[in-house]
Amino acid sequence: MPLDKDQTIRASVVVFPATGEKKNNHLVRISLQRVVRTTDPRFVKSEWLKDPELYQGFFMKLSQSVFLEGHKI
Amino acid sequence: MNPRIVKLTVLVAVCATFGGCAATRSQKEVLATDQSQVEQRAYQTRVFDTTDKEQTLRAVIATLQDFGCIIDRADLVLGVVSGTKLDGYQLRITVTVRPRGTTQLLVRANAQLQIKAVSDARPYQNFFTALERSMFLKAHEVD
């Protein structure tokens with residue numbers, strides 16, 4: 001049974017302006033995938049990451065980052 | 001000359017010849033398809049009664065994300081969005097949006113699963129059904 005060796009995370013982030021009343025807001029959407037290489041090069045796993053925690057983690061960091069940038073810290 | 005060496009040389013020559021033929025044949029089939037262009041266009045294309053290219057491209061992006069795709073590139077000027085889905089397999093899809101007359105937009109999707117073009121109409125139907133829904137939601141955005 002081959003063991004997981006390393007992985008590549010693929011992410012795409014789409015940002016677009018909101019419409020209507022919240023015109024100054026922006027909507028952000030991220031999608032995550034990963035490719036896992038194992039000790040046997042014939043076996044490579046690829047999957048769509050669906051764990052909500054990963055996405056929550058990203059948005060928490062993004063919120064903090066936007067705050068820091070906004071306050072020029 | 002050693003008969004074993006002669007045999008081996010002949011074997012190598014035969015393999016090289018057939019291998020060469022296979023390579024030449026596969027090169028010639030680079031642009032080959034198993035369906036007519038008209039058939040392909042029929043299930044890969046839909047027309048929408050809108051001229052808002054940007055909103056349509058945004059709906060395409062959102063729909064691809066709904067299917068679990070990573071957006072590899074998007075270009076408003078050319079009207080093209082490409083995405084990849086990895087989920088035990090690799091699905092690559094490119095969607096183009098261009099004007100059709102003065103009141104409509106033409107949307108065409110091309111997908112490739114692993115190294116083979118997707119020539120079954122159903123996945124495209126599913127994509128367009130989801131896109132239609134997304135366009136409807138876009139038109140009547142719920143906060």
# chains A, B, ... in the order shown; residues from 1 in each chain; ligands from 1

call {"tool": "interface_residues", "arguments": {"of": "chain A", "to": "chain B", "cutoff": "6 Å", "atoms": "only C-alpha atoms", "output": "list of chain:residue names"}}
result
A:Ser12, A:Ser31, A:Ser46, A:Glu47, A:Trp48

call {"tool": "atom_distance", "arguments": {"atom1": "CA of Asp4 (chain A)", "atom2": "CA of Leu49 (chain A)"}}
result
16.4 Å

call {"tool": "closest_residue", "arguments": {"among": "A:Val44, A:Leu62, A:Val14, A:Ile30", "to": "Ala59 (chain B)", "atoms": "only C-alpha atoms"}}
result
A:Val14

call {"tool": "select_by_dssp", "arguments": {"residues": "chain A", "states": "strand (DSSP E)", "output": "PDB file with C-alpha atoms, in the first residue's frame"}}
result
ATOM      1  CA  ASP A   4       1.075   9.743   0.778  1.00  0.00           C
ATOM      2  CA  LYS A   5       4.284  11.630  -0.011  1.00  0.00           C
ATOM      3  CA  ASP A   6       3.397  15.238  -0.852  1.00  0.00           C
ATOM      4  CA  GLN A   7       0.563  17.278  -2.248  1.00  0.00           C
ATOM      5  CA  THR A   8      -0.273  20.271  -4.405  1.00  0.00           C
ATOM      6  CA  ILE A   9      -3.211  22.439  -3.403  1.00  0.00           C
ATOM      7  CA  ARG A  10      -5.014  24.205  -6.229  1.00  0.00           C
ATOM      8  CA  ALA A  11      -7.156  27.207  -5.391  1.00  0.00           C
ATOM      9  CA  SER A  12      -9.105  29.697  -7.412  1.00  0.00           C
ATOM     10  CA  VAL A  13     -10.556  32.818  -5.869  1.00  0.00           C
ATOM     11  CA  VAL A  14     -13.236  34.780  -7.692  1.00  0.00           C
ATOM     12  CA  VAL A  15     -14.072  38.299  -6.505  1.00  0.00           C
ATOM     13  CA  PHE A  16     -16.840  40.412  -7.929  1.00  0.00           C
ATOM     14  CA  PRO A  17     -18.769  43.508  -6.871  1.00  0.00           C
ATOM     15  CA  HIS A  26     -17.639  42.429  -2.834  1.00  0.00           C
ATOM     16  CA  LEU A  27     -18.481  38.762  -3.071  1.00  0.00           C
ATOM     17  CA  VAL A  28     -15.586  36.322  -2.722  1.00  0.00           C
ATOM     18  CA  ARG A  29     -15.777  32.676  -3.602  1.00  0.00           C
ATOM     19  CA  ILE A  30     -12.960  30.155  -3.308  1.00  0.00           C
ATOM     20  CA  SER A  31     -12.686  26.605  -4.648  1.00  0.00           C
ATOM     21  CA  LEU A  32     -10.060  24.135  -3.477  1.00  0.00           C
ATOM     22  CA  GLN A  33      -8.666  20.934  -4.948  1.00  0.00           C
ATOM     23  CA  ARG A  34      -5.607  18.846  -4.196  1.00  0.00           C
ATOM     24  CA  VAL A  35      -3.349  16.394  -5.968  1.00  0.00           C
ATOM     25  CA  VAL A  36      -1.661  13.915  -3.631  1.00  0.00           C
ATOM     26  CA  ARG A  37       1.445  12.077  -4.785  1.00  0.00           C
ATOM     27  CA  THR A  38       2.291   8.797  -3.089  1.00  0.00           C
ATOM     28  CA  VAL A  44      -1.798   9.873  -7.699  1.00  0.00           C
ATOM     29  CA  LYS A  45      -4.987  10.970  -5.963  1.00  0.00           C
ATOM     30  CA  SER A  46      -6.871  14.064  -6.979  1.00  0.00           C
ATOM     31  CA  GLU A  47      -9.883  15.400  -5.166  1.00  0.00           C
ATOM     32  CA  TRP A  48     -12.220  18.318  -4.694  1.00  0.00           C
TER      33      TRP A  48
END

call {"tool": "atom_distance", "arguments": {"atom1": "CA of Asp49 (chain B)", "atom2": "CA of Arg100 (chain B)"}}
result
9.5 Å

call {"tool": "residues_around", "arguments": {"residues": "Leu105 (chain B)", "least_positions_apart": "6", "cutoff": "8 Å", "atoms": "only C-alpha atoms", "output": "list of chain:residue names"}}
result
B:Val47, B:Phe48, B:Asp49, B:Thr50, B:Thr51, B:Asp52, B:Lys53, B:Val97, B:Arg98, B:Pro99

call {"tool": "atom_distance", "arguments": {"atom1": "CA of Gln112 (chain B)", "atom2": "CA of Ser134 (chain B)"}}
result
22.7 Å
